[in-house]
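Listing of coords-v1.txt, compact mmCIF, C-alpha atoms and all ligand atoms
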```
# COMPACT_ATOMS: atom_id res chain seq x y z
CA MET C 219 -4.05 -20.87 12.84
CA TYR C 220 -4.24 -17.95 10.43
CA SER C 221 -1.17 -16.98 8.48
CA VAL C 222 -0.15 -13.47 7.56
CA VAL C 223 2.35 -12.44 4.92
CA THR C 224 3.31 -8.78 5.19
CA ILE C 225 4.78 -6.97 2.20
CA ASP C 226 5.96 -3.47 3.01
CA GLY C 227 7.84 -0.97 0.88
CA PRO C 228 7.60 2.32 -1.00
CA SER C 229 5.06 2.91 -3.76
CA GLY C 230 6.17 1.60 -7.13
CA SER C 231 8.24 -1.20 -5.62
CA GLY C 232 5.86 -3.76 -7.13
CA LYS C 233 4.11 -4.55 -3.83
CA GLY C 234 0.61 -4.31 -5.26
CA THR C 235 1.26 -6.77 -8.08
CA ILE C 236 3.20 -9.17 -5.87
CA CYS C 237 0.54 -9.10 -3.14
CA ARG C 238 -2.15 -9.92 -5.67
CA LEU C 239 -0.13 -12.85 -7.08
CA VAL C 240 0.62 -14.24 -3.61
CA ALA C 241 -3.03 -13.86 -2.56
CA GLU C 242 -4.17 -15.71 -5.70
CA ALA C 243 -1.62 -18.50 -5.21
CA THR C 244 -2.41 -19.04 -1.53
CA GLY C 245 -6.13 -18.28 -1.46
CA PHE C 246 -5.42 -15.65 1.22
CA ALA C 247 -7.40 -12.41 1.53
CA LEU C 248 -5.71 -9.19 0.50
CA LEU C 249 -5.35 -5.97 2.48
CA ASP C 250 -4.33 -2.87 0.51
CA SER C 251 -3.71 -0.65 3.54
CA GLY C 252 -2.60 2.25 1.34
CA ALA C 253 -6.16 2.36 -0.01
CA LEU C 254 -7.42 3.05 3.53
CA TYR C 255 -5.08 6.06 3.84
CA ARG C 256 -6.07 7.18 0.34
CA LEU C 257 -9.77 6.86 1.25
CA THR C 258 -9.18 8.91 4.40
CA ALA C 259 -7.42 11.52 2.26
CA LEU C 260 -10.17 11.61 -0.36
CA ALA C 261 -12.93 11.80 2.26
CA SER C 262 -11.05 14.71 3.90
CA LEU C 263 -10.64 16.52 0.58
CA ASN C 264 -14.31 15.94 -0.30
CA ALA C 265 -15.48 17.20 3.09
CA ASN C 266 -13.21 20.22 2.78
CA ILE C 267 -11.95 19.80 6.32
CA ASP C 268 -8.75 21.41 7.58
CA LEU C 269 -6.00 18.94 6.62
CA ASP C 270 -3.78 20.44 9.32
CA SER C 271 -6.28 19.35 11.98
CA GLU C 272 -5.28 15.87 13.14
CA ALA C 273 -8.45 15.58 15.25
CA ALA C 274 -10.75 16.41 12.32
CA VAL C 275 -9.03 13.95 9.95
CA ALA C 276 -8.93 11.22 12.63
CA ALA C 277 -12.66 11.67 13.35
CA LEU C 278 -13.34 11.20 9.67
CA ALA C 279 -11.07 8.11 9.48
CA GLU C 280 -12.98 6.61 12.38
CA GLN C 281 -16.30 6.87 10.53
CA LEU C 282 -15.27 6.05 6.95
CA ASP C 283 -18.12 4.44 5.04
CA ILE C 284 -16.16 2.22 2.65
CA GLY C 285 -16.33 -1.03 0.78
CA PHE C 286 -13.99 -3.27 -1.22
CA VAL C 287 -15.69 -5.35 -3.88
CA ALA C 288 -13.73 -8.11 -5.64
CA GLN C 289 -14.12 -7.89 -9.42
CA ASP C 290 -12.56 -10.23 -12.02
CA ASN C 291 -9.04 -8.81 -11.94
CA TYR C 292 -9.21 -5.82 -9.65
CA THR C 293 -10.80 -4.64 -6.43
CA GLN C 294 -13.46 -1.98 -6.71
CA VAL C 295 -13.16 0.67 -3.99
CA ILE C 296 -16.31 2.39 -2.70
CA LEU C 297 -16.55 5.53 -0.58
CA ALA C 298 -19.98 6.56 0.70
CA GLY C 299 -21.64 4.64 -2.13
CA ASP C 300 -19.44 6.09 -4.91
CA ASP C 301 -16.96 4.10 -7.00
CA VAL C 302 -13.63 5.82 -6.25
CA THR C 303 -11.34 3.08 -7.57
CA LYS C 304 -9.63 5.48 -10.00
CA THR C 305 -9.94 8.68 -7.99
CA ILE C 306 -7.97 7.37 -5.02
CA ARG C 307 -4.99 6.72 -7.34
CA GLU C 308 -4.69 10.40 -8.32
CA GLU C 309 -1.46 12.10 -7.30
CA ARG C 310 -3.24 14.75 -5.18
CA VAL C 311 -4.89 11.96 -3.19
CA GLY C 312 -1.57 10.09 -2.80
CA MET C 313 0.16 13.22 -1.52
CA THR C 314 -2.68 13.95 0.92
CA ALA C 315 -2.64 10.29 2.03
CA SER C 316 1.05 10.60 2.83
CA LYS C 317 0.32 13.76 4.88
CA VAL C 318 -2.60 12.37 6.90
CA ALA C 319 -0.78 9.04 7.39
CA ALA C 320 1.72 10.91 9.57
CA TYR C 321 -0.99 11.62 12.18
CA PRO C 322 -0.86 9.06 15.04
CA ASP C 323 -4.61 9.43 15.70
CA VAL C 324 -5.39 8.62 12.06
CA ARG C 325 -3.17 5.54 12.21
CA ALA C 326 -4.87 4.47 15.46
CA ALA C 327 -8.31 4.98 13.90
CA LEU C 328 -7.40 2.65 11.01
CA LEU C 329 -5.64 -0.05 13.04
CA ASN C 330 -8.60 -2.27 13.88
CA ARG C 331 -10.07 -1.94 10.40
CA GLN C 332 -6.80 -3.32 9.03
CA ARG C 333 -6.64 -6.20 11.52
CA ALA C 334 -10.25 -7.11 10.69
CA PHE C 335 -9.11 -8.17 7.19
CA LEU C 336 -7.49 -11.26 8.72
CA THR C 337 -9.74 -14.24 8.02
CA ALA C 338 -9.09 -17.95 7.42
CA PRO C 339 -6.93 -19.25 5.84
CA GLY C 340 -4.80 -16.10 5.93
CA LEU C 341 -3.95 -12.63 4.71
CA VAL C 342 -1.48 -10.88 2.44
CA ALA C 343 -1.03 -7.37 3.85
CA ASP C 344 0.37 -4.61 1.63
CA GLY C 345 1.64 -1.37 3.19
CA ARG C 346 4.38 0.50 5.00
CA ASP C 347 4.03 -0.78 8.58
CA MET C 348 2.33 -4.15 8.14
CA GLY C 349 5.29 -6.09 9.56
CA THR C 350 6.32 -3.51 12.17
CA VAL C 351 3.01 -2.34 13.66
CA VAL C 352 -0.18 -3.91 12.30
CA PHE C 353 0.86 -7.59 12.15
CA PRO C 354 4.10 -7.79 14.19
CA ASP C 355 3.68 -11.57 14.69
CA ALA C 356 3.39 -12.39 10.97
CA PRO C 357 5.44 -15.51 10.18
CA LEU C 358 6.64 -14.09 6.85
CA LYS C 359 7.60 -10.44 6.37
CA VAL C 360 8.95 -9.01 3.16
CA PHE C 361 10.38 -5.53 2.59
CA LEU C 362 10.31 -4.78 -1.12
CA THR C 363 12.26 -1.84 -2.54
CA ALA C 364 13.37 -0.48 -5.92
CA SER C 365 15.40 2.61 -6.79
CA ALA C 366 13.42 5.86 -7.06
CA GLU C 367 14.43 6.15 -10.74
CA GLU C 368 13.11 2.67 -11.53
CA ARG C 369 9.85 3.39 -9.67
CA ALA C 370 9.45 6.65 -11.61
CA ARG C 371 10.00 4.75 -14.88
CA ARG C 372 7.31 2.23 -13.88
CA ARG C 373 4.89 5.07 -13.06
CA VAL C 374 5.57 6.66 -16.48
CA GLN C 375 4.82 3.31 -18.15
CA GLN C 376 1.59 2.96 -16.13
CA LEU C 377 0.46 6.42 -17.23
CA LYS C 378 1.35 5.67 -20.87
CA ASP C 379 -0.59 2.41 -20.68
CA ALA C 380 -3.54 4.40 -19.33
CA GLY C 381 -3.40 6.63 -22.43
CA GLU C 382 -1.82 9.71 -20.81
CA THR C 383 0.34 11.80 -23.13
CA ASP C 384 1.40 14.72 -20.95
CA ILE C 385 3.95 12.91 -18.76
CA ASP C 386 6.75 14.68 -16.90
CA TYR C 387 9.38 12.15 -15.70
CA ALA C 388 11.29 14.71 -13.61
CA LYS C 389 8.13 15.77 -11.75
CA ILE C 390 7.13 12.14 -11.17
CA LEU C 391 10.60 11.35 -9.78
CA ALA C 392 10.50 14.45 -7.53
CA ASP C 393 7.05 13.46 -6.21
CA ILE C 394 8.25 9.93 -5.47
CA GLU C 395 11.30 11.26 -3.63
CA GLN C 396 9.17 13.68 -1.61
CA ARG C 397 6.67 10.98 -0.63
CA ASP C 398 9.52 8.58 0.28
CA TYR C 399 11.03 11.27 2.48
CA GLN C 400 7.70 11.92 4.24
CA ASP C 401 6.95 8.21 4.72
CA ARG C 402 10.47 7.33 5.94
CA ASN C 403 10.93 10.26 8.31
CA ARG C 404 7.60 10.50 10.11
CA ALA C 405 7.69 9.93 13.86
CA VAL C 406 4.99 7.24 13.92
CA ALA C 407 5.21 3.94 12.03
CA PRO C 408 7.79 5.16 9.51
CA LEU C 409 8.58 3.10 6.42
CA VAL C 410 11.33 0.82 7.74
CA PRO C 411 11.91 -2.92 7.36
CA ALA C 412 10.89 -5.05 10.36
CA ALA C 413 13.95 -6.55 12.06
CA ASP C 414 12.86 -10.01 10.87
CA ALA C 415 11.87 -9.02 7.30
CA ILE C 416 13.42 -10.46 4.16
CA GLU C 417 14.61 -7.51 2.06
CA LEU C 418 14.19 -7.79 -1.71
CA ASP C 419 15.18 -5.20 -4.32
CA SER C 420 12.96 -5.32 -7.41
CA THR C 421 15.18 -2.89 -9.38
CA SER C 422 16.97 -5.88 -10.82
CA LEU C 423 14.61 -8.73 -9.87
CA SER C 424 11.61 -9.46 -12.10
CA ILE C 425 8.13 -9.66 -10.59
CA ASP C 426 8.23 -13.41 -11.19
CA ALA C 427 11.59 -13.77 -9.42
CA VAL C 428 10.25 -11.88 -6.38
CA PHE C 429 7.09 -14.00 -6.44
CA GLN C 430 9.12 -17.24 -6.57
CA ILE C 431 11.29 -16.17 -3.61
CA ILE C 432 8.19 -15.40 -1.54
CA MET C 433 6.50 -18.68 -2.48
CA ARG C 434 9.69 -20.59 -1.57
CA ASN C 435 9.74 -18.92 1.83
CA LEU C 436 6.06 -19.70 2.35
CA SER C 437 6.66 -23.30 1.40
CA GLU C 438 9.47 -23.52 3.97
CA LEU C 439 6.88 -22.38 6.53
CA GLY C 440 4.56 -25.17 5.40
CA ILE C 441 2.22 -22.87 3.44
CA LYS C 442 1.53 -24.32 -0.03
CA PRO C 443 -0.43 -22.86 -2.95
CA SER C 444 -4.14 -23.62 -2.50
O1 LIG C 501 0.74 2.35 -0.97
P1 LIG C 501 0.07 3.68 -1.37
O2 LIG C 501 0.91 4.50 -2.31
O3 LIG C 501 -1.31 3.46 -1.87
O4 LIG C 501 -0.05 4.51 0.02
C1 LIG C 501 -0.53 5.83 0.06
C2 LIG C 501 0.07 6.56 1.25
O5 LIG C 501 -0.46 6.01 2.46
C3 LIG C 501 1.58 6.48 1.37
O6 LIG C 501 2.22 7.67 0.97
C4 LIG C 501 1.84 6.27 2.83
C5 LIG C 501 0.55 5.89 3.44
N1 LIG C 501 0.54 4.54 3.97
C6 LIG C 501 0.95 4.38 5.27
O7 LIG C 501 1.38 5.33 5.90
N2 LIG C 501 0.88 3.16 5.86
C7 LIG C 501 0.44 2.10 5.19
N3 LIG C 501 0.38 0.93 5.79
C8 LIG C 501 0.04 2.24 3.82
C9 LIG C 501 0.11 3.47 3.25
```
As structure tokens, what does this structure read like?
Amino acid sequence: MYSVVTIDGPSGSGKGTICRLVAEATGFALLDSGALYRLTALASLNANIDLDSEAAVAALAEQLDIGFVAQDNYTQVILAGDDVTKTIREERVGMTASKVAAYPDVRAALLNRQRAFLTAPGLVADGRDMGTVVFPDAPLKVFLTASAEERARRRVQQLKDAGETDIDYAKILADIEQRDYQDRNRAVAPLVPAADAIELDSTSLSIDAVFQIIMRNLSELGIKPS
């Protein structure tokens, strides 16, 4: 039987790092579902289609020509033959992703692609609705949060580490709050914890503490590091 660990939560909660650590420790595959929404957003921006047209964006999501290539310590993301690993992380792409992710037809178009990531021995799925919609039968579901201020501080640090100098904390915090609002209040698959999810707050828990809690829960389910 395949196992699925779902880790849902807002951006900046530490999901990406935790998912990678859990995938490494278990030998499970990794699904970064946010990347699929970001790729849909970038493809829509590149094609200059009307972002207010759900049908046009969904048609594009249906036909995305994408690839994920495992590199030493990151996953290279390809769109129509181009390396877009960095581009999909841009704020304009994130904002557009949050907009197009509210369209039910876009979510439906991406559903089977997400489920296709499940291979033996299992999958760590990172997103907003992994535990509620995409993998509702997952034996372990985690909902990881952190305060908006802490997530903004982490984003500032990331940008500094990337060599950026023109960093506006207030704007970053406002963007995070706007995206949270959009993701939490949309009608379809909003960002909410699954009823059977373990809720963890990484504002005060270190990445290692969160990782240890997840590994303990996996071990209680009989899933040991590979
Ligand atoms: O995790 P992220 O920041 O890369 O996600 C980008 C956007 O995609 C986010 O604002 C909401 C959306 N998203 C979603 O609606 N459902 C998912 N499972 C993952 C991401």
Ligand LIG 501 (chain C) neighbours within 7 Å using all atoms listed in the file, as a PyMOL selection string
chain C and resi 228-229+251-253+255-256+312-313+315-316+319-320+344-348+397+401
Take atom CA of Ser262 of chain C and atom CA of Gln281 of chain C and report the distance between them in Å, one decimal.
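If I compute the distance from atom CA of Ser262 of chain C to atom CA of Gln281 of chain C, I get 11.5 Å.
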Would you list the contacts of Gln430 of chain C as a PyMOL selection string, taking every protein, DNA or RNA residue within 12 Å and counting only C-alpha atoms, but skipping same-chain residues closer than 3 positions in sequence?
chain C and resi 236+239-240+243+418+423-427+433-437+443
Which of these, C:Asn291, C:Gln400, C:Asn330, C:Asn264, has the shortest distance to Thr235 of chain C once you count all atoms listed in the file?
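Closest residue, counting all atoms listed in the file: C:Asn291.
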So, with only C-alpha atoms as the atoms that count, which of C:Tyr292, C:Phe353, C:Tyr321, C:Phe246 lies closest to Ser444 of chain C?
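Using only C-alpha atoms, Ser444 of chain C sits closest to C:Phe246.
In this structure, atom CA of Leu269 of chain C sits 12.8 Å away from atom CA of Arg310 of chain C.
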Starting from 4 Å padding per side, set up an axis-aligned box that covers all listed atoms of segment 278-291 of chain C and hand over centre and edge lengths in Å, one decimal, as AutoDock Vina command-line options.
```
--center_x -13.6 --center_y 0.5 --center_z 0.2 --size_x 17.1 --size_y 29.4 --size_z 32.4
```
For Ser422 of chain C, which residue among C:Arg331, C:Arg369, C:Lys304, C:Lys317 is the nearest when counting all atoms listed in the file?
C:Arg369
Rank C:Ala338, C:Ala364, C:Ile225, C:Ile385 by their smallest atom-to-atom distance to Asp250 of chain C, using only C-alpha atoms, and report the top residue only.
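With only C-alpha atoms as the atom set, the closest residue is C:Ile225.
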Report, in Å to a single decimal, how far apart atom CA of Leu341 of chain C and atom CA of Val406 of chain C are.
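Interatomic distance, atom CA of Val406 of chain C to atom CA of Leu341 of chain C: 23.7 Å.
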Within 8 Å of Phe335 of chain C, counting only C-alpha atoms, which residues show up once you throw out same-chain ones fewer than 2 positions away? Write them as a list in words, please.
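The residues that qualify are Ala247, Leu248, Leu249, Arg331, Gln332, Arg333, Thr337 and Leu341 of chain C.
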Which one is closest to Ala265 of chain C: C:Gly440, C:Val223, C:Leu278, C:Ser420? Count all atoms listed in the file.
C:Leu278
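Taking all atoms listed in the file into account, Ile441 of chain C lies nearest to C:Ser221 out of the set C:Thr363, C:Ser231, C:Ser221, C:Gln376.
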